[in-house]
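Novice: I'd like to ask some things about the structure below.
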Amino acid sequence: MKSASREYPRADRGGCDVLCIGTAAFDVFLTVDGFPAENRKYELSGSREEGGGPAANAAFLLSQWGVPAALACVLGDDVFGTRIAAELQAVGTNLSLTELRPGYRTPLSVILVNSLGGSRTILNRLEPGEPLRLDPEAARALRPRALLFDGHQPEASLQALELFPEATTVLDAGSRRRGTELLAPEVDYLVAAEAFALAVSGLSDLDTPARQLRCLERLAEGARGRVAVTLGERGVIYLEGRELCGLPAAAVQAVDTTAAGDVFHGAFLYGLLEGRSYTGSLGLANRAAGVSVGRPGGRSSIPALEEVPGAGEDTR
């Protein structure tokens with residue numbers, strides 16, 4: 001789809017600190033008391049509807065935390081696309097590189113949240129379509145200092161790497177797919193979920209320090225930048241030289257783990273832009289994700305900066 005289909009105006013500030021590239025989806029949360037079985041009828045104990053998607057949630061967090069951020073993704077010209085755009089524009093996210101594609105159905109996620117433990121099961125509707133292509137002139141006008149990718153629009157992500165070779169780059173590698181495999185060797189910071197790490201390393205689990213170290217070393221072999229792996233309630237692991245290091249997860253009662261990874265990646269990049277060390281940025285991200293899992297919903301669980309413990313401390 002050519003750039004003429006884009007209908008979102010460029011923000012007046014004319015530029016951004018971060019360009020997030022990937023997917024935006026509309027999330028429908030259905031909360032049940034225990035995971036449902038087949039051929040039964042259940043009453044919901046809660047429900048929620050809001051925008052989501054890894055790159056979109058990261059852009060939302062950064063915008064809400066005062067960082068000029070832009071999002072490049074594809075939305076359909078339907079009610080879900082309209083609602084997603086409105087939420088992002090409400091916090092000041094620049095959508096000048098977001099394509100409103102006629103006839104395309106906006107990605108939709110139905111998320112079953114088990115209230116007894118906070119786990120979630122996600123059912124995605126993601127229709128195939130032509131990949132997003134960035135308008136080079138419009139992209140250059142944004143002048144981003146950093147790029148964040150979620151692997152869902154690899155062609156546009158590779159374009160951005162060529163356009164902004166000096167930008168700090170972060171990949172949210174949630175699962176192993178073509179996009180995450182293409183981008184993992186190209187970024188400064190590969191921050192992977194356990195599912196991606198296991199698939200790429202070939203290990204069956206990360207239950208021991210020896211396996212965690214082996215996993216990180218294998219990921220580092222194919223990466224040019226630094227590598228970290230998020231392990232949910234077990235925190236995050238990373239390498240300092242050849243030494244295995246880790247940060248424990250926050251001690252919280254999990255209500256809903258949806259978007260915790262998106263919060264982690266957005267907050268991690270915020271820390272880097274603020275001038276925090278690598279470990280300090282991971283720590284900030286870890287604590288922000290901890291606040292998120294203690295709340296229901298995805299985007300609505302994103303904390304304000306002042307709600308994150310230690311956010312105001314100088315941990316450089």
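Chain identifiers are assigned as A, B, and so on, following the order in which chains appear in the structure tokens; residues are numbered from 1 within each chain, and ligands are numbered from 1 in order of appearance.
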Residues near A:Leu116, anyone? I mean within 10 Å using only C-alpha atoms, not counting same-chain ones fewer than 3 positions away, as an NGL selection string.
Specialist: :A and (31-35 or 113 or 119 or 254-256)
Novice: Those same residues - N, CA and C atoms - I'd like them written as a PDB file, in the first residue's frame.
Specialist:
ATOM      1  N   THR A  31     -11.987 -12.459  31.570  1.00  0.00           N
ATOM      2  CA  THR A  31     -11.454 -13.045  32.797  1.00  0.00           C
ATOM      3  C   THR A  31     -12.365 -14.157  33.290  1.00  0.00           C
ATOM      4  N   VAL A  32     -11.762 -15.321  33.522  1.00  0.00           N
ATOM      5  CA  VAL A  32     -12.508 -16.490  34.005  1.00  0.00           C
ATOM      6  C   VAL A  32     -11.824 -17.019  35.259  1.00  0.00           C
ATOM      7  N   ASP A  33     -12.612 -17.631  36.133  1.00  0.00           N
ATOM      8  CA  ASP A  33     -12.088 -18.199  37.382  1.00  0.00           C
ATOM      9  C   ASP A  33     -11.696 -19.651  37.131  1.00  0.00           C
ATOM     10  N   GLY A  34     -10.498 -19.844  36.590  1.00  0.00           N
ATOM     11  CA  GLY A  34     -10.051 -21.170  36.192  1.00  0.00           C
ATOM     12  C   GLY A  34     -10.124 -21.308  34.683  1.00  0.00           C
ATOM     13  N   PHE A  35      -9.217 -22.097  34.107  1.00  0.00           N
ATOM     14  CA  PHE A  35      -9.200 -22.221  32.658  1.00  0.00           C
ATOM     15  C   PHE A  35     -10.416 -23.008  32.188  1.00  0.00           C
ATOM     16  N   VAL A 113      -7.962 -14.666  30.577  1.00  0.00           N
ATOM     17  CA  VAL A 113      -7.164 -14.456  31.778  1.00  0.00           C
ATOM     18  C   VAL A 113      -7.712 -15.327  32.895  1.00  0.00           C
ATOM     19  N   SER A 119      -2.381 -16.217  34.777  1.00  0.00           N
ATOM     20  CA  SER A 119      -1.900 -16.666  33.464  1.00  0.00           C
ATOM     21  C   SER A 119      -2.885 -16.240  32.385  1.00  0.00           C
ATOM     22  N   ALA A 254       0.633 -12.032  41.002  1.00  0.00           N
ATOM     23  CA  ALA A 254       0.298 -11.873  39.582  1.00  0.00           C
ATOM     24  C   ALA A 254      -1.209 -11.859  39.386  1.00  0.00           C
ATOM     25  N   VAL A 255      -1.694 -10.818  38.716  1.00  0.00           N
ATOM     26  CA  VAL A 255      -3.101 -10.689  38.368  1.00  0.00           C
ATOM     27  C   VAL A 255      -3.312 -10.980  36.886  1.00  0.00           C
ATOM     28  N   ASP A 256      -2.410 -10.470  36.054  1.00  0.00           N
ATOM     29  CA  ASP A 256      -2.514 -10.640  34.604  1.00  0.00           C
ATOM     30  C   ASP A 256      -1.143 -10.329  34.014  1.00  0.00           C
TER      31      ASP A 256
END
Novice: Any idea what's packed within 12 Å of A:Gly241, counting only C-alpha atoms, ignoring anything in its chain fewer than 2 positions away? Could you give it as a list in words?
Specialist: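 Contacts, in chain order: Leu213, Leu216, Glu217, Ala220, Arg226, Val227, Tyr238, Leu239, Glu243, Leu244 and Cys245 of chain A.
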Novice: Limited to N, CA and C atoms, could you put the picked residues into a file as an mmCIF file, in the first residue's frame?
Specialist:
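Done, and the output landed in out-v8.cif:
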data_model
loop_
_atom_site.group_PDB
_atom_site.id
_atom_site.type_symbol
_atom_site.label_atom_id
_atom_site.label_comp_id
_atom_site.auth_asym_id
_atom_site.auth_seq_id
_atom_site.Cartn_x
_atom_site.Cartn_y
_atom_site.Cartn_z
ATOM 1 N N LEU A 213 23.433 -20.125 31.331
ATOM 2 C CA LEU A 213 24.674 -19.616 30.760
ATOM 3 C C LEU A 213 24.860 -20.135 29.344
ATOM 4 N N LEU A 216 22.509 -18.206 26.947
ATOM 5 C CA LEU A 216 22.970 -16.855 26.645
ATOM 6 C C LEU A 216 24.187 -16.876 25.721
ATOM 7 N N GLU A 217 25.086 -17.821 25.941
ATOM 8 C CA GLU A 217 26.263 -17.913 25.076
ATOM 9 C C GLU A 217 25.867 -18.259 23.643
ATOM 10 N N ALA A 220 24.342 -15.233 22.087
ATOM 11 C CA ALA A 220 25.373 -14.225 21.827
ATOM 12 C C ALA A 220 26.203 -14.558 20.592
ATOM 13 N N ARG A 226 24.392 -6.883 22.887
ATOM 14 C CA ARG A 226 24.223 -7.546 24.176
ATOM 15 C C ARG A 226 22.916 -8.331 24.183
ATOM 16 N N VAL A 227 22.900 -9.383 25.006
ATOM 17 C CA VAL A 227 21.774 -10.316 25.020
ATOM 18 C C VAL A 227 21.252 -10.479 26.442
ATOM 19 N N TYR A 238 21.351 -12.240 32.059
ATOM 20 C CA TYR A 238 22.156 -11.568 31.046
ATOM 21 C C TYR A 238 23.621 -11.872 31.313
ATOM 22 N N LEU A 239 24.468 -11.487 30.400
ATOM 23 C CA LEU A 239 25.900 -11.726 30.527
ATOM 24 C C LEU A 239 26.643 -10.437 30.843
ATOM 25 N N GLU A 243 30.306 -13.925 32.324
ATOM 26 C CA GLU A 243 29.696 -14.300 33.588
ATOM 27 C C GLU A 243 28.168 -14.180 33.525
ATOM 28 N N LEU A 244 27.488 -15.209 34.037
ATOM 29 C CA LEU A 244 26.027 -15.189 34.117
ATOM 30 C C LEU A 244 25.594 -14.252 35.236
ATOM 31 N N CYS A 245 24.701 -13.336 34.918
ATOM 32 C CA CYS A 245 24.140 -12.422 35.906
ATOM 33 C C CYS A 245 22.618 -12.479 35.819
#
Novice: Name all residues at most 8 Å from A:Tyr189 (count only C-alpha atoms; drop same-chain ones fewer than 4 positions away) and give them as a PyMOL selection string.
Specialist: chain A and resi 169-171+225-228
Novice: Atoms to include: C-alpha atoms. Write the selected residues as a PDB file, in the first residue's frame.
Specialist:
ATOM      1  CA  THR A 169      18.481  -0.481  18.486  1.00  0.00           C
ATOM      2  CA  VAL A 170      16.476  -2.917  20.620  1.00  0.00           C
ATOM      3  CA  LEU A 171      14.669  -6.102  19.551  1.00  0.00           C
ATOM      4  CA  GLY A 225      25.043  -6.680  20.572  1.00  0.00           C
ATOM      5  CA  ARG A 226      24.223  -7.546  24.176  1.00  0.00           C
ATOM      6  CA  VAL A 227      21.774 -10.316  25.020  1.00  0.00           C
ATOM      7  CA  ALA A 228      19.275 -10.728  27.860  1.00  0.00           C
TER       8      ALA A 228
END
Novice: Give me the residues near stretch 194-208 of chain A as a PyMOL selection string, where near means some atom within 12 Å (using only C-alpha atoms) and where sequence neighbours in that chain fewer than 5 positions away do not count.
Specialist: chain A and resi 151+171-181+184+213-223+227-238+244+261
Novice: How would you write, as an MDAnalysis selection string, the set of residues in stretch 13-174 of chain A that DSSP gives as alpha helix (DSSP H)?
Specialist: chainID A and resid 54:64 79:90 136:142 154:163
Novice: Store the residues of this selection in a file with N, CA and C atoms, as a compact mmCIF listing (two decimals), in the first residue's frame.
Specialist:
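Result saved to part_0.txt:
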# COMPACT_ATOMS: atom_id res chain seq x y z
N PRO A 54 2.99 -5.53 20.89
CA PRO A 54 4.28 -5.21 21.52
C PRO A 54 4.83 -3.83 21.16
N ALA A 55 4.97 -3.53 19.88
CA ALA A 55 5.54 -2.24 19.48
C ALA A 55 4.63 -1.09 19.90
N ALA A 56 3.32 -1.30 19.74
CA ALA A 56 2.37 -0.24 20.09
C ALA A 56 2.37 0.03 21.58
N ASN A 57 2.42 -1.02 22.41
CA ASN A 57 2.45 -0.81 23.85
C ASN A 57 3.74 -0.14 24.29
N ALA A 58 4.85 -0.49 23.66
CA ALA A 58 6.12 0.17 24.00
C ALA A 58 6.06 1.65 23.64
N ALA A 59 5.49 1.97 22.48
CA ALA A 59 5.35 3.37 22.07
C ALA A 59 4.44 4.12 23.04
N PHE A 60 3.37 3.46 23.48
CA PHE A 60 2.44 4.07 24.43
C PHE A 60 3.16 4.38 25.74
N LEU A 61 3.91 3.40 26.26
CA LEU A 61 4.63 3.62 27.52
C LEU A 61 5.61 4.78 27.40
N LEU A 62 6.41 4.78 26.35
CA LEU A 62 7.41 5.82 26.19
C LEU A 62 6.76 7.20 26.07
N SER A 63 5.67 7.27 25.31
CA SER A 63 4.96 8.54 25.17
C SER A 63 4.41 8.99 26.52
N GLN A 64 3.84 8.06 27.28
CA GLN A 64 3.26 8.37 28.58
C GLN A 64 4.35 8.79 29.57
N VAL A 79 -13.27 -0.18 13.03
CA VAL A 79 -13.48 0.40 14.35
C VAL A 79 -12.30 0.10 15.28
N PHE A 80 -11.68 -1.06 15.13
CA PHE A 80 -10.55 -1.39 15.99
C PHE A 80 -9.34 -0.50 15.69
N GLY A 81 -9.07 -0.30 14.41
CA GLY A 81 -7.97 0.58 14.03
C GLY A 81 -8.18 2.00 14.51
N THR A 82 -9.41 2.48 14.42
CA THR A 82 -9.73 3.83 14.87
C THR A 82 -9.51 3.98 16.36
N ARG A 83 -9.93 2.97 17.13
CA ARG A 83 -9.77 3.05 18.59
C ARG A 83 -8.31 2.98 19.00
N ILE A 84 -7.54 2.13 18.33
CA ILE A 84 -6.11 2.04 18.62
C ILE A 84 -5.43 3.38 18.37
N ALA A 85 -5.71 3.98 17.22
CA ALA A 85 -5.09 5.25 16.88
C ALA A 85 -5.46 6.33 17.89
N ALA A 86 -6.71 6.35 18.32
CA ALA A 86 -7.15 7.37 19.27
C ALA A 86 -6.41 7.24 20.61
N GLU A 87 -6.22 6.01 21.08
CA GLU A 87 -5.50 5.81 22.34
C GLU A 87 -4.06 6.31 22.25
N LEU A 88 -3.41 5.99 21.14
CA LEU A 88 -2.02 6.40 20.98
C LEU A 88 -1.88 7.90 20.81
N GLN A 89 -2.77 8.49 20.03
CA GLN A 89 -2.71 9.94 19.84
C GLN A 89 -3.01 10.68 21.13
N ALA A 90 -3.79 10.08 22.02
CA ALA A 90 -4.14 10.72 23.28
C ALA A 90 -2.92 10.93 24.17
N PRO A 136 10.66 7.01 3.11
CA PRO A 136 11.97 7.47 3.59
C PRO A 136 11.99 8.94 4.01
N GLU A 137 11.32 9.79 3.23
CA GLU A 137 11.33 11.22 3.55
C GLU A 137 10.62 11.48 4.88
N ALA A 138 9.45 10.84 5.07
CA ALA A 138 8.73 11.03 6.32
C ALA A 138 9.51 10.44 7.49
N ALA A 139 10.17 9.31 7.26
CA ALA A 139 10.95 8.69 8.33
C ALA A 139 12.12 9.58 8.73
N ARG A 140 12.85 10.11 7.74
CA ARG A 140 14.00 10.97 8.06
C ARG A 140 13.57 12.21 8.84
N ALA A 141 12.37 12.68 8.58
CA ALA A 141 11.89 13.88 9.28
C ALA A 141 11.75 13.63 10.79
N LEU A 142 11.60 12.36 11.19
CA LEU A 142 11.44 12.05 12.60
C LEU A 142 12.76 12.07 13.37
N PRO A 154 9.54 -6.95 9.53
CA PRO A 154 10.99 -6.99 9.32
C PRO A 154 11.48 -6.11 8.18
N GLU A 155 10.71 -6.01 7.09
CA GLU A 155 11.16 -5.19 5.96
C GLU A 155 11.28 -3.73 6.37
N ALA A 156 10.26 -3.21 7.05
CA ALA A 156 10.32 -1.82 7.51
C ALA A 156 11.41 -1.64 8.55
N SER A 157 11.63 -2.64 9.38
CA SER A 157 12.68 -2.56 10.40
C SER A 157 14.06 -2.49 9.76
N LEU A 158 14.28 -3.31 8.75
CA LEU A 158 15.56 -3.28 8.04
C LEU A 158 15.76 -1.95 7.32
N GLN A 159 14.66 -1.40 6.78
CA GLN A 159 14.72 -0.06 6.18
C GLN A 159 15.21 0.96 7.19
N ALA A 160 14.62 0.90 8.40
CA ALA A 160 14.98 1.86 9.44
C ALA A 160 16.44 1.72 9.84
N LEU A 161 16.95 0.50 9.89
CA LEU A 161 18.35 0.29 10.22
C LEU A 161 19.26 0.96 9.19
N GLU A 162 18.86 0.93 7.93
CA GLU A 162 19.65 1.58 6.89
C GLU A 162 19.53 3.10 6.97
N LEU A 163 18.33 3.58 7.28
CA LEU A 163 18.11 5.03 7.34
C LEU A 163 18.79 5.67 8.54
Novice: Could you pull out the strand (DSSP E) residues of stretch 91-137 of chain A, going by DSSP on the backbone, and write them as a list in words?
Specialist: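 Across stretch 91-137 of chain A, those assigned strand (DSSP E) are Glu99, Leu100, Arg101, Leu108, Ser109, Val110, Ile111, Leu112, Val113, Asn114, Arg120, Thr121, Ile122, Leu123, Asn124 and Arg125 of chain A.
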